[in-house]
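Dumped target-v5.csv below, it's CSV, C-alpha atoms:
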```csv
chain,number,residue,atom,x,y,z
B,18,MET,CA,131.0,119.2,106.0
B,19,LYS,CA,132.0,119.3,102.3
B,20,SER,CA,131.4,116.3,100.0
B,21,ARG,CA,134.4,115.7,97.7
B,22,ASN,CA,132.4,113.8,95.2
B,23,VAL,CA,129.8,116.6,94.9
B,24,GLU,CA,132.6,118.9,93.7
B,25,LYS,CA,134.1,116.2,91.4
B,26,SER,CA,130.7,115.6,89.8
B,27,LYS,CA,130.1,119.3,89.2
B,28,ARG,CA,133.5,119.7,87.5
B,29,ARG,CA,133.2,116.6,85.4
B,30,HIS,CA,132.5,116.9,81.7
B,31,ASN,CA,132.4,114.1,79.1
B,32,GLY,CA,131.2,113.4,75.6
B,33,ASN,CA,127.5,113.3,76.7
B,34,ASP,CA,127.7,116.7,78.4
B,35,PRO,CA,125.2,119.0,76.7
B,36,GLY,CA,127.2,122.1,77.6
B,37,ARG,CA,125.5,125.4,78.3
B,38,HIS,CA,121.7,125.3,77.7
B,39,VAL,CA,118.4,126.3,79.1
B,40,LEU,CA,115.4,124.4,80.6
B,41,ASP,CA,112.6,126.9,79.9
B,42,ASN,CA,109.0,127.4,80.8
B,43,ALA,CA,108.9,125.5,84.1
B,44,LEU,CA,107.3,126.0,87.5
B,45,LEU,CA,110.4,126.1,89.5
B,46,TRP,CA,110.1,124.4,93.0
B,47,ILE,CA,113.3,125.9,94.4
B,48,GLY,CA,113.6,123.4,97.2
B,49,ASP,CA,113.2,125.9,100.1
B,50,GLY,CA,109.4,126.1,99.9
B,51,SER,CA,109.3,128.8,97.4
B,52,SER,CA,108.3,128.6,93.7
B,53,LEU,CA,108.3,130.7,90.6
B,54,GLN,CA,107.6,130.5,86.9
B,55,GLY,CA,110.9,130.7,85.1
B,56,HIS,CA,113.9,129.0,83.6
B,57,LEU,CA,117.2,127.5,84.5
B,58,VAL,CA,120.5,128.1,82.7
B,59,LEU,CA,122.8,125.1,83.0
B,60,ASP,CA,126.4,124.7,82.2
B,61,GLY,CA,127.1,121.0,82.0
B,62,ALA,CA,126.7,119.5,85.5
B,63,THR,CA,126.0,122.9,87.2
B,64,ILE,CA,123.1,125.4,87.5
B,65,ILE,CA,124.5,128.8,86.6
B,66,ASP,CA,121.3,130.9,86.8
B,67,VAL,CA,117.7,130.8,88.0
B,68,VAL,CA,115.6,133.4,86.3
B,69,PRO,CA,111.9,134.3,86.4
B,70,GLY,CA,110.0,134.4,83.2
B,71,ARG,CA,110.6,132.9,79.7
B,72,TYR,CA,114.0,132.7,78.2
B,73,SER,CA,114.7,134.9,75.2
B,74,GLY,CA,118.4,134.5,74.6
B,75,GLY,CA,120.5,132.6,72.1
B,76,LEU,CA,121.4,129.4,74.0
B,77,PRO,CA,119.8,126.1,73.1
B,78,ALA,CA,116.5,125.9,75.1
B,79,GLU,CA,114.0,123.2,75.9
B,80,ASP,CA,110.4,124.1,76.6
B,81,LEU,CA,109.2,122.1,79.6
B,82,GLY,CA,105.6,123.1,79.0
B,83,GLY,CA,105.1,124.6,82.5
B,84,ALA,CA,105.9,121.4,84.3
B,85,PRO,CA,107.1,121.6,88.0
B,86,LEU,CA,110.9,121.3,88.1
B,87,SER,CA,112.6,120.6,91.4
B,88,PRO,CA,116.0,119.6,92.7
B,89,GLY,CA,116.7,115.8,92.8
B,90,MET,CA,115.6,114.0,96.0
B,91,ILE,CA,118.0,113.1,98.8
B,92,ASP,CA,117.5,110.0,101.0
B,93,LEU,CA,119.6,110.0,104.2
B,94,MET,CA,118.8,106.5,105.4
B,95,VAL,CA,119.2,103.6,103.0
B,96,LEU,CA,120.0,100.1,104.3
B,97,GLY,CA,119.1,98.4,101.1
B,98,GLY,CA,116.6,98.1,98.3
B,99,PHE,CA,115.7,96.4,95.0
B,100,ASP,CA,116.5,93.0,96.7
B,101,LYS,CA,120.0,94.2,97.6
B,102,SER,CA,121.8,95.1,100.8
B,103,ILE,CA,124.8,97.3,101.4
B,104,LEU,CA,126.5,94.5,103.3
B,105,ARG,CA,126.3,91.7,100.7
B,106,ASP,CA,126.0,93.8,97.5
B,107,ASP,CA,127.8,96.8,95.9
B,108,PRO,CA,126.1,100.0,97.2
B,109,LEU,CA,126.6,101.4,93.7
B,110,ASP,CA,124.1,98.8,92.3
B,111,ILE,CA,121.5,100.2,94.8
B,112,ALA,CA,122.5,103.8,93.8
B,113,ARG,CA,122.0,102.9,90.1
B,114,ASP,CA,118.5,101.6,90.7
B,115,TYR,CA,117.6,104.4,93.0
B,116,VAL,CA,118.5,107.3,90.6
B,117,ARG,CA,115.8,105.9,88.2
B,118,PHE,CA,113.2,107.0,90.8
B,119,GLY,CA,114.5,110.5,91.1
B,120,VAL,CA,116.7,110.0,94.1
B,121,THR,CA,119.9,111.7,92.9
B,122,SER,CA,121.8,111.6,96.2
B,123,CYS,CA,121.7,109.1,99.1
B,124,GLN,CA,123.4,108.3,102.4
B,125,PHE,CA,123.7,104.7,103.3
B,126,CYS,CA,123.0,103.5,106.8
B,127,LYS,CA,124.0,100.6,109.0
B,128,GLY,CA,122.8,99.4,112.4
B,129,THR,CA,124.5,97.3,115.0
B,130,LEU,CA,126.8,94.8,113.2
B,131,PRO,CA,129.8,92.6,114.0
B,132,TRP,CA,133.0,94.5,113.6
B,133,GLU,CA,134.1,92.8,110.4
B,134,SER,CA,130.7,93.6,108.8
B,135,THR,CA,131.0,97.2,109.9
B,136,VAL,CA,134.4,97.5,108.2
B,137,ARG,CA,133.1,95.8,105.0
B,138,VAL,CA,130.1,98.1,104.7
B,139,GLY,CA,132.3,101.2,105.3
B,140,ASN,CA,134.8,100.1,102.7
B,141,ASN,CA,132.0,99.3,100.2
B,142,VAL,CA,130.4,102.8,100.7
B,143,ARG,CA,133.8,104.5,100.5
B,144,GLY,CA,134.3,102.9,97.1
B,145,ALA,CA,130.9,104.1,96.0
B,146,MET,CA,131.6,107.6,97.1
B,147,ALA,CA,134.5,107.8,94.6
B,148,TYR,CA,132.1,107.1,91.7
B,149,ASP,CA,131.3,110.3,89.8
B,150,ARG,CA,129.3,109.2,86.7
B,151,PRO,CA,125.7,110.3,86.4
B,152,ASP,CA,124.1,106.9,86.0
B,153,ALA,CA,123.9,106.4,89.7
B,154,ALA,CA,122.7,108.4,92.7
B,155,ARG,CA,125.5,110.5,94.3
B,156,VAL,CA,126.7,108.5,97.3
B,157,LEU,CA,127.3,111.0,100.2
B,158,GLY,CA,128.6,108.6,102.8
B,159,ILE,CA,127.4,106.3,105.6
B,160,TYR,CA,125.3,107.0,108.6
B,161,LEU,CA,126.4,104.8,111.6
B,162,GLU,CA,123.0,104.3,113.3
B,163,GLY,CA,124.8,101.7,115.3
B,164,PRO,CA,126.7,100.6,117.4
B,165,PHE,CA,126.2,103.4,120.0
B,166,GLN,CA,122.6,102.5,120.8
B,167,GLN,CA,120.9,101.6,124.1
B,168,PRO,CA,121.1,97.8,123.9
B,169,ASP,CA,117.4,97.2,124.9
B,170,LEU,CA,116.2,99.6,122.2
B,171,THR,CA,118.0,98.4,119.1
B,172,GLY,CA,114.8,97.4,117.3
B,173,ALA,CA,115.4,94.9,114.6
B,174,SER,CA,119.2,95.4,114.9
B,175,MET,CA,121.4,92.9,116.8
B,176,ALA,CA,121.5,94.0,120.4
B,177,GLN,CA,124.6,92.0,121.1
B,178,TYR,CA,126.7,94.3,118.9
B,179,ALA,CA,125.6,97.5,120.6
B,180,LEU,CA,128.7,99.2,122.1
B,181,PRO,CA,129.4,102.0,124.6
B,182,PRO,CA,130.9,105.1,122.8
B,183,THR,CA,134.2,104.9,124.6
B,184,PRO,CA,137.2,106.9,123.1
B,185,GLU,CA,138.7,103.6,122.1
B,186,ASN,CA,135.6,102.4,120.2
B,187,ILE,CA,135.2,105.8,118.5
B,188,ASP,CA,138.8,105.9,117.4
B,189,ARG,CA,138.7,102.3,116.2
B,190,ILE,CA,135.8,103.2,113.9
B,191,LEU,CA,137.2,106.5,112.7
B,192,GLU,CA,140.6,104.9,111.9
B,193,ALA,CA,139.0,102.0,110.0
B,194,ILE,CA,136.3,103.7,108.0
B,195,GLY,CA,136.3,107.4,109.0
B,196,PRO,CA,136.5,108.9,105.5
B,197,ALA,CA,133.2,107.2,104.6
B,198,VAL,CA,131.3,108.3,107.8
B,199,THR,CA,129.1,111.3,107.5
B,200,MET,CA,126.9,110.9,110.6
B,201,VAL,CA,127.0,108.9,113.8
B,202,ASN,CA,124.2,108.1,116.2
B,203,VAL,CA,124.9,108.4,120.0
B,204,ALA,CA,122.0,107.4,122.2
B,205,PRO,CA,121.6,109.9,125.1
B,206,GLY,CA,121.7,108.2,128.4
B,207,ILE,CA,124.3,105.6,127.7
B,208,ASP,CA,127.7,105.9,129.5
B,209,GLY,CA,130.0,108.4,127.9
B,210,ASP,CA,127.3,110.0,125.7
B,211,VAL,CA,128.3,113.7,126.1
B,212,ALA,CA,132.0,113.1,125.7
B,213,ALA,CA,131.4,110.9,122.7
B,214,VAL,CA,129.4,113.6,121.0
B,215,ARG,CA,132.2,116.1,121.6
B,216,ARG,CA,134.8,113.7,120.3
B,217,LEU,CA,132.8,113.0,117.1
B,218,ARG,CA,132.1,116.7,116.5
B,219,GLU,CA,135.8,117.4,116.8
B,220,ALA,CA,136.4,114.7,114.1
B,221,GLY,CA,134.0,116.6,111.8
B,222,LYS,CA,131.1,114.2,112.1
B,223,ILE,CA,127.4,115.1,112.4
B,224,VAL,CA,125.8,113.5,115.4
B,225,SER,CA,122.3,112.2,115.7
B,226,MET,CA,120.3,110.8,118.6
B,227,ALA,CA,118.0,107.8,118.5
B,228,HIS,CA,117.4,104.3,120.0
B,229,SER,CA,117.2,105.9,123.5
B,230,ASN,CA,114.9,106.6,126.4
B,231,GLY,CA,117.5,108.9,128.0
B,232,PRO,CA,116.2,111.5,130.4
B,233,ALA,CA,115.8,115.1,129.3
B,234,ASP,CA,118.9,116.3,131.1
B,235,ARG,CA,121.1,113.8,129.2
B,236,VAL,CA,119.4,114.7,125.9
B,237,LEU,CA,120.1,118.4,126.6
B,238,GLY,CA,123.7,117.6,127.5
B,239,CYS,CA,124.2,115.9,124.1
B,240,ILE,CA,122.6,118.8,122.3
B,241,ASP,CA,124.9,121.2,124.2
B,242,ALA,CA,127.9,119.1,123.0
B,243,GLY,CA,126.8,119.3,119.4
B,244,THR,CA,124.0,116.7,118.6
B,245,SER,CA,122.0,118.3,115.7
B,246,VAL,CA,119.8,115.5,114.3
B,247,LEU,CA,116.9,113.5,115.8
B,248,GLY,CA,117.0,110.1,114.1
B,249,HIS,CA,113.7,108.5,112.9
B,250,VAL,CA,111.3,110.5,115.2
B,251,TRP,CA,109.0,108.4,117.4
B,252,ASP,CA,110.7,105.1,116.5
B,253,ASN,CA,112.9,103.1,119.0
B,254,ASN,CA,112.9,106.1,121.3
B,255,ALA,CA,110.9,104.7,124.2
B,256,GLY,CA,108.8,107.0,126.5
B,257,ARG,CA,109.6,107.5,130.1
B,258,ILE,CA,107.3,107.4,133.1
B,259,GLY,CA,108.6,109.0,136.3
B,260,ASP,CA,108.4,107.6,139.8
B,261,SER,CA,105.1,109.4,140.4
B,262,GLY,CA,103.6,108.0,137.2
B,263,VAL,CA,104.0,111.2,135.3
B,264,GLN,CA,105.1,111.2,131.7
B,265,GLN,CA,108.7,112.5,131.3
B,266,PRO,CA,110.2,114.2,128.3
B,267,THR,CA,111.7,112.0,125.5
B,268,LEU,CA,114.1,112.8,122.8
B,269,GLU,CA,111.1,113.9,120.7
B,270,HIS,CA,109.8,116.4,123.3
B,271,VAL,CA,113.2,118.0,123.6
B,272,ALA,CA,113.7,118.2,119.8
B,273,LEU,CA,110.3,119.7,119.3
B,274,THR,CA,111.2,122.6,121.7
B,275,ASP,CA,114.9,123.1,120.9
B,276,ASP,CA,115.9,124.7,117.6
B,277,ARG,CA,119.5,123.5,118.0
B,278,VAL,CA,118.2,120.1,116.7
B,279,ARG,CA,118.3,121.3,113.1
B,280,ALA,CA,117.0,118.1,111.4
B,281,ILE,CA,114.2,115.7,112.4
B,282,HIS,CA,114.3,112.5,110.4
B,283,LEU,CA,110.8,111.2,109.7
B,284,ILE,CA,109.9,107.8,108.2
B,285,CYS,CA,106.6,108.6,106.4
B,286,ASP,CA,105.4,105.2,105.3
B,287,GLY,CA,102.1,105.6,107.2
B,288,THR,CA,103.0,102.9,109.7
B,289,HIS,CA,106.1,104.0,111.6
B,290,VAL,CA,104.6,107.4,112.6
B,291,HIS,CA,101.0,108.3,113.0
B,292,PRO,CA,99.7,111.3,110.9
B,293,ILE,CA,98.7,113.1,114.1
B,294,MET,CA,102.3,113.0,115.3
B,295,ILE,CA,103.5,114.3,111.9
B,296,ARG,CA,101.2,117.2,112.3
B,297,LEU,CA,102.5,117.8,115.8
B,298,ILE,CA,106.1,118.1,114.4
B,299,LEU,CA,104.8,120.6,111.9
B,300,ARG,CA,103.0,122.7,114.5
B,301,CYS,CA,106.1,122.7,116.8
B,302,ARG,CA,109.0,123.1,114.3
B,303,GLY,CA,107.6,123.7,110.9
B,304,VAL,CA,108.4,121.9,107.7
B,305,GLU,CA,111.9,123.4,107.6
B,306,ALA,CA,113.1,121.0,110.2
B,307,ILE,CA,111.8,117.8,108.6
B,308,CYS,CA,113.9,115.4,106.6
B,309,LEU,CA,111.9,112.5,105.1
B,310,VAL,CA,114.0,109.3,105.3
B,311,THR,CA,113.1,105.8,104.1
B,312,ASP,CA,115.0,103.4,106.5
B,313,ALA,CA,114.8,101.3,103.3
B,314,VAL,CA,115.4,97.6,103.7
B,315,VAL,CA,116.2,95.0,101.1
B,316,ARG,CA,112.7,94.6,99.7
B,317,ALA,CA,112.1,98.3,99.2
B,318,GLY,CA,111.2,98.8,95.5
B,319,CYS,CA,110.0,95.2,95.3
B,320,PRO,CA,106.6,93.5,95.6
B,321,ASP,CA,105.4,92.3,99.0
B,322,GLY,CA,106.9,89.0,100.1
B,323,PRO,CA,109.5,87.2,102.3
B,324,TYR,CA,113.1,88.2,102.4
B,325,GLU,CA,116.2,87.3,104.3
B,326,TRP,CA,118.5,89.8,106.2
B,327,ASP,CA,122.3,89.6,106.1
B,328,ASP,CA,122.5,87.6,109.3
B,329,GLY,CA,120.0,85.0,108.0
B,330,ARG,CA,116.9,86.2,109.9
B,331,LYS,CA,113.6,85.9,108.0
B,332,PHE,CA,111.3,88.9,107.4
B,333,VAL,CA,108.4,89.8,105.2
B,334,LYS,CA,107.5,92.9,103.3
B,335,GLN,CA,103.9,93.7,103.9
B,336,GLY,CA,102.0,96.9,103.4
B,337,GLY,CA,105.1,99.0,102.7
B,338,VAL,CA,107.0,97.9,105.8
B,339,GLY,CA,109.3,95.1,106.9
B,340,ARG,CA,108.0,92.9,109.7
B,341,THR,CA,109.3,90.0,111.8
B,342,ASP,CA,107.4,86.7,112.3
B,343,GLN,CA,105.9,88.3,115.4
B,344,GLY,CA,104.7,91.3,113.4
B,345,TRP,CA,107.3,93.8,114.8
B,346,LEU,CA,108.5,96.5,112.5
B,347,CYS,CA,112.0,96.1,111.0
B,348,GLY,CA,112.4,99.0,108.7
B,349,SER,CA,110.4,100.6,105.9
B,350,ALA,CA,110.1,99.1,102.4
B,351,LEU,CA,108.8,102.1,100.5
B,352,LEU,CA,111.0,104.4,98.4
B,353,LEU,CA,111.4,108.1,98.9
B,354,PRO,CA,108.8,109.3,96.3
B,355,ASP,CA,106.2,107.2,98.1
B,356,HIS,CA,107.2,108.8,101.5
B,357,LEU,CA,106.8,112.2,99.9
B,358,ARG,CA,103.4,111.5,98.5
B,359,ASN,CA,102.4,110.3,101.9
B,360,PHE,CA,103.7,113.4,103.6
B,361,VAL,CA,101.7,115.6,101.2
B,362,ARG,CA,98.6,113.6,102.1
B,363,PHE,CA,99.2,113.6,105.8
B,364,SER,CA,100.3,117.2,106.2
B,365,GLY,CA,98.1,119.0,103.6
B,366,LEU,CA,101.0,121.0,102.4
B,367,PRO,CA,101.3,121.9,98.7
B,368,PRO,CA,104.0,119.9,96.9
B,369,ALA,CA,106.1,123.1,96.2
B,370,GLU,CA,106.4,123.5,100.0
B,371,ALA,CA,106.6,119.8,100.9
B,372,ILE,CA,109.4,119.2,98.4
B,373,GLN,CA,112.0,120.7,100.8
B,374,THR,CA,111.7,117.7,103.1
B,375,VAL,CA,113.5,115.6,100.4
B,376,THR,CA,115.7,118.3,98.9
B,377,ARG,CA,117.1,121.4,100.8
B,378,ASN,CA,116.4,120.1,104.3
B,379,PRO,CA,118.5,116.9,104.1
B,380,ALA,CA,121.2,118.7,102.2
B,381,ALA,CA,121.3,121.4,104.9
B,382,SER,CA,121.5,118.7,107.7
B,383,LEU,CA,124.8,117.6,106.1
B,384,GLY,CA,126.0,121.2,105.4
B,385,LEU,CA,125.5,120.7,101.6
B,386,GLU,CA,122.7,123.1,100.9
B,387,ASN,CA,124.8,125.2,98.5
B,388,GLU,CA,125.8,122.0,96.6
B,389,ILE,CA,122.7,120.0,96.2
B,390,GLY,CA,119.0,120.1,97.1
B,391,ARG,CA,118.2,123.6,95.8
B,392,LEU,CA,117.7,125.4,92.5
B,393,THR,CA,120.5,128.0,93.0
B,394,PRO,CA,123.5,129.1,91.0
B,395,GLY,CA,126.5,126.9,91.7
B,396,ALA,CA,124.4,123.9,92.7
B,397,ALA,CA,124.6,120.5,91.0
B,398,ALA,CA,122.2,120.1,88.1
B,399,ASP,CA,120.3,117.2,89.7
B,400,LEU,CA,116.8,117.9,88.6
B,401,LEU,CA,113.3,116.3,88.3
B,402,THR,CA,110.0,117.2,86.6
B,403,TRP,CA,106.7,116.1,88.1
B,404,ASP,CA,103.1,115.4,87.0
B,405,ASP,CA,100.0,116.5,88.9
B,406,ARG,CA,99.9,113.2,90.9
B,407,LEU,CA,103.4,113.9,92.2
B,408,ARG,CA,105.0,111.3,90.0
B,409,VAL,CA,108.5,111.8,88.6
B,410,GLN,CA,108.4,112.4,84.9
B,411,ARG,CA,112.0,113.3,83.9
B,412,ILE,CA,115.3,113.0,85.8
B,413,TRP,CA,118.6,114.8,85.2
B,414,ARG,CA,121.7,113.7,87.2
B,415,ALA,CA,124.7,116.1,86.9
B,416,GLY,CA,123.0,117.8,83.9
B,417,GLN,CA,122.5,114.5,82.0
B,418,GLU,CA,119.1,113.1,81.5
B,419,ILE,CA,118.4,109.6,82.8
B,420,ARG,CA,116.4,107.9,80.1
B,421,ASP,CA,115.5,104.6,81.8
B,422,ILE,CA,113.3,106.0,84.6
B,423,SER,CA,111.0,103.8,86.7
B,424,SER,CA,107.2,104.4,87.2
B,425,TYR,CA,107.1,101.9,90.1
B,426,ALA,CA,105.1,103.3,93.0
B,427,GLU,CA,103.0,102.0,95.9
B,428,ILE,CA,101.4,105.2,97.2
B,429,GLU,CA,99.1,107.4,95.0
B,430,LEU,CA,98.5,111.1,95.8
```
Target format structure tokens, applied to this file:
Amino acid sequence: MKSRNVEKSKRRHNGNDPGRHVLDNALLWIGDGSSLQGHLVLDGATIIDVVPGRYSGGLPAEDLGGAPLSPGMIDLMVLGGFDKSILRDDPLDIARDYVRFGVTSCQFCKGTLPWESTVRVGNNVRGAMAYDRPDAARVLGIYLEGPFQQPDLTGASMAQYALPPTPENIDRILEAIGPAVTMVNVAPGIDGDVAAVRRLREAGKIVSMAHSNGPADRVLGCIDAGTSVLGHVWDNNAGRIGDSGVQQPTLEHVALTDDRVRAIHLICDGTHVHPIMIRLILRCRGVEAICLVTDAVVRAGCPDGPYEWDDGRKFVKQGGVGRTDQGWLCGSALLLPDHLRNFVRFSGLPPAEAIQTVTRNPAASLGLENEIGRLTPGAAADLLTWDDRLRVQRIWRAGQEIRDISSYAEIEL
């Protein structure tokens, strides 16, 4: 897919545009796991060259003192944050808050909702996608995690609004909010799963699989039809025990052994997924397949405490996650930099290698790896510098520096 507002942002110039200049003397974390000492040549909102060594030409140059410089982070699963939700608030307000943490692109996400709420969220996100100023994270679109879920595995979502993926239901969604939709979940094992995957792929949408305990043959059928993403690995994908009492393959087992599943979404708050299971993914598929996602709820980026969801249900943020009164998980409440620091701790990977889980990998899962998520000529100049504790120090969005950055963090490296 191609994001129109990526292209618009790269072309846009205004009075604050610094023009052609150089960021010199940096440790370049390219975004694909590689790194080098060098410099970037920028032309407004775009990277035009990535060069080893110090700069010796005549362009204006800023010495970064050897600091690590990476692409901006990309969060593919944002339901809310900063005491705001995408249903009742303007998604742009969330995007404006989030860019201050170094997340320069985001994909919003919705679960199972009433139809009128689905349309409202879609229209809100579509409006945010048209915004091309650098004071907010780039809005890539919306991930429809619902309604095509297995009704008894909807987690904290509203099971009564889960729908079968019939042609009529798919067409209704695409007609109402199709231009805003980037990715759609179809739970393997529900009626019409394979045909739905084909129909969505024909419409140009990326298809994920989650909220399912579908048998391996149905999972493989969906992958054959074009499913390429495993949604929030190990969460809301129940295990299966066969008639003889033998463990049967789940979505995770298939994804760990099938390279056609290009992206594995991982919530790395330390609660949703055990570190041993994170290391299992690394052993099976390598870091190149992992996309860290937040599943961020309303209280992400806020202190612990109670909050209310859009339908009036009461939850509490505690220890970096959202919980019901019964203690069940209902989304994460950490921001993406905290997930990255956790991933480095759990995996043992050096930051220059781990950074691809929040840069190139999510961009590639949307077909945008030449536009965002890498330090490469032609890519957007969405950039970050880091300190030795993996805290964001400076942020550029579309070549313009964000001055009001946030130091809020809950996880230390």
Residue with the minimum atom-to-atom distance to Gly48 of chain B, picked from B:Pro182, B:Pro320, B:Gly390, B:Gly98 with only C-alpha atoms counted, is B:Gly390
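Among the candidate residues B:Asn42, B:Thr63, B:Gln54, B:Asn141, the one lying nearest to Asp80 of chain B is B:Asn42, with distances computed using only C-alpha atoms.
Residues in contact with Ala62 of chain B at 6 Å, where all atoms listed in the file are counted and same-chain residues fewer than 2 positions away are skipped, are listed as Lys27, Ala397, Ala398, Ala415 and Gly416 of chain B.
Each of B:Ile223, B:Ile91, B:Cys319, B:Ile412 was checked against Pro379 of chain B using only C-alpha atoms; the smallest atom-to-atom distance is that of B:Ile91.
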In terms of only C-alpha atoms, the residue from B:Ile428, B:Leu268, B:Ala369, B:Gln124 at minimal distance from Thr402 of chain B is B:Ala369
Please report, as CSV, each residue of segment 67-139 of chain B lying at most 12 Å from segment 344-352 of chain B, together with the nearest pair of atoms and the separation in Å rounded to one decimal; use all atoms listed in the file, and order rows by chain and ascending residue number.
```
residue,atom,partner,partner_atom,distance
B:Met90,CA,B:Leu352,CA,10.9
B:Ile91,CA,B:Leu352,CA,11.2
B:Asp92,CA,B:Leu352,CA,9.0
B:Leu93,CA,B:Leu352,CA,11.8
B:Met94,CA,B:Ser349,CA,10.3
B:Val95,CA,B:Leu352,CA,9.4
B:Leu96,CA,B:Gly348,CA,8.9
B:Gly97,CA,B:Ala350,CA,9.1
B:Gly98,CA,B:Ala350,CA,7.7
B:Phe99,CA,B:Ala350,CA,9.7
B:Asp100,CA,B:Ala350,CA,10.5
B:Ile111,CA,B:Leu352,CA,11.9
B:Asp114,CA,B:Leu352,CA,11.1
B:Tyr115,CA,B:Leu352,CA,8.5
B:Val116,CA,B:Leu352,CA,11.2
B:Arg117,CA,B:Leu352,CA,11.4
B:Phe118,CA,B:Leu352,CA,8.3
B:Gly119,CA,B:Leu352,CA,10.1
B:Val120,CA,B:Leu352,CA,9.1
B:Cys123,CA,B:Leu352,CA,11.7
B:Cys126,CA,B:Gly348,CA,11.7
B:Lys127,CA,B:Gly348,CA,11.7
B:Gly128,CA,B:Gly348,CA,11.0
```
Please write as an mmCIF file with C-alpha atoms, in the frame of the given file the list of polymer residues whose atoms come within 12 Å of (112.7, 114.1, 93.9), counting all atoms listed in the file and keeping to the coordinates of the file.
```cif
data_model
loop_
_atom_site.group_PDB
_atom_site.id
_atom_site.type_symbol
_atom_site.label_atom_id
_atom_site.label_comp_id
_atom_site.auth_asym_id
_atom_site.auth_seq_id
_atom_site.Cartn_x
_atom_site.Cartn_y
_atom_site.Cartn_z
ATOM 1 C CA TRP B 46 110.100 124.400 93.000
ATOM 2 C CA ILE B 47 113.300 125.900 94.400
ATOM 3 C CA GLY B 48 113.600 123.400 97.200
ATOM 4 C CA PRO B 85 107.100 121.600 88.000
ATOM 5 C CA LEU B 86 110.900 121.300 88.100
ATOM 6 C CA SER B 87 112.600 120.600 91.400
ATOM 7 C CA PRO B 88 116.000 119.600 92.700
ATOM 8 C CA GLY B 89 116.700 115.800 92.800
ATOM 9 C CA MET B 90 115.600 114.000 96.000
ATOM 10 C CA ILE B 91 118.000 113.100 98.800
ATOM 11 C CA ASP B 92 117.500 110.000 101.000
ATOM 12 C CA TYR B 115 117.600 104.400 93.000
ATOM 13 C CA VAL B 116 118.500 107.300 90.600
ATOM 14 C CA ARG B 117 115.800 105.900 88.200
ATOM 15 C CA PHE B 118 113.200 107.000 90.800
ATOM 16 C CA GLY B 119 114.500 110.500 91.100
ATOM 17 C CA VAL B 120 116.700 110.000 94.100
ATOM 18 C CA THR B 121 119.900 111.700 92.900
ATOM 19 C CA SER B 122 121.800 111.600 96.200
ATOM 20 C CA CYS B 123 121.700 109.100 99.100
ATOM 21 C CA ALA B 154 122.700 108.400 92.700
ATOM 22 C CA LEU B 309 111.900 112.500 105.100
ATOM 23 C CA LEU B 352 111.000 104.400 98.400
ATOM 24 C CA LEU B 353 111.400 108.100 98.900
ATOM 25 C CA PRO B 354 108.800 109.300 96.300
ATOM 26 C CA ASP B 355 106.200 107.200 98.100
ATOM 27 C CA HIS B 356 107.200 108.800 101.500
ATOM 28 C CA LEU B 357 106.800 112.200 99.900
ATOM 29 C CA ARG B 358 103.400 111.500 98.500
ATOM 30 C CA PRO B 368 104.000 119.900 96.900
ATOM 31 C CA ALA B 369 106.100 123.100 96.200
ATOM 32 C CA ALA B 371 106.600 119.800 100.900
ATOM 33 C CA ILE B 372 109.400 119.200 98.400
ATOM 34 C CA GLN B 373 112.000 120.700 100.800
ATOM 35 C CA THR B 374 111.700 117.700 103.100
ATOM 36 C CA VAL B 375 113.500 115.600 100.400
ATOM 37 C CA THR B 376 115.700 118.300 98.900
ATOM 38 C CA ARG B 377 117.100 121.400 100.800
ATOM 39 C CA ILE B 389 122.700 120.000 96.200
ATOM 40 C CA GLY B 390 119.000 120.100 97.100
ATOM 41 C CA ARG B 391 118.200 123.600 95.800
ATOM 42 C CA ASP B 399 120.300 117.200 89.700
ATOM 43 C CA LEU B 400 116.800 117.900 88.600
ATOM 44 C CA LEU B 401 113.300 116.300 88.300
ATOM 45 C CA THR B 402 110.000 117.200 86.600
ATOM 46 C CA TRP B 403 106.700 116.100 88.100
ATOM 47 C CA ASP B 404 103.100 115.400 87.000
ATOM 48 C CA LEU B 407 103.400 113.900 92.200
ATOM 49 C CA ARG B 408 105.000 111.300 90.000
ATOM 50 C CA VAL B 409 108.500 111.800 88.600
ATOM 51 C CA GLN B 410 108.400 112.400 84.900
ATOM 52 C CA ARG B 411 112.000 113.300 83.900
ATOM 53 C CA ILE B 412 115.300 113.000 85.800
ATOM 54 C CA TRP B 413 118.600 114.800 85.200
ATOM 55 C CA ARG B 414 121.700 113.700 87.200
#
```
So which one's closest to Pro232 of chain B, B:Val250, B:Ala173, B:Ala255, B:Ile284? Using all atoms listed in the file, please. B:Ala255
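If all atoms listed in the file are the atoms counted, then among B:Leu430, B:Leu44, B:Val271, B:Val224 the closest residue to Val203 of chain B is B:Val224.
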Which residues, written as a list in words, have at least one atom at most 9 Å from Thr267 of chain B, with only C-alpha atoms counted and residues fewer than 4 positions away on the same chain left out? Ser229, Asn230, Gly231, Pro232, Ala233, Val236, Asn254, Ala255, Gly256, Arg257, Val271 and Ala272 of chain B
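Straight-line separation from atom CA of Val211 of chain B to atom CA of Pro184 of chain B: 11.6 Å.
Between atom CA of Asn378 of chain B and atom CA of Ala306 of chain B there is a distance of 6.8 Å.
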Closest contacts (segment 140-234 of chain B/segment 245-248 of chain B, max 7 Å, all atoms listed in the file) as JSON lines:
```
{"residue": "B:Val224", "atom": "CA", "partner": "B:Ser245", "partner_atom": "CA", "distance": 6.1}
{"residue": "B:Ser225", "atom": "CA", "partner": "B:Val246", "partner_atom": "CA", "distance": 4.4}
{"residue": "B:Met226", "atom": "CA", "partner": "B:Leu247", "partner_atom": "CA", "distance": 5.2}
{"residue": "B:Ala227", "atom": "CA", "partner": "B:Gly248", "partner_atom": "CA", "distance": 5.1}
```
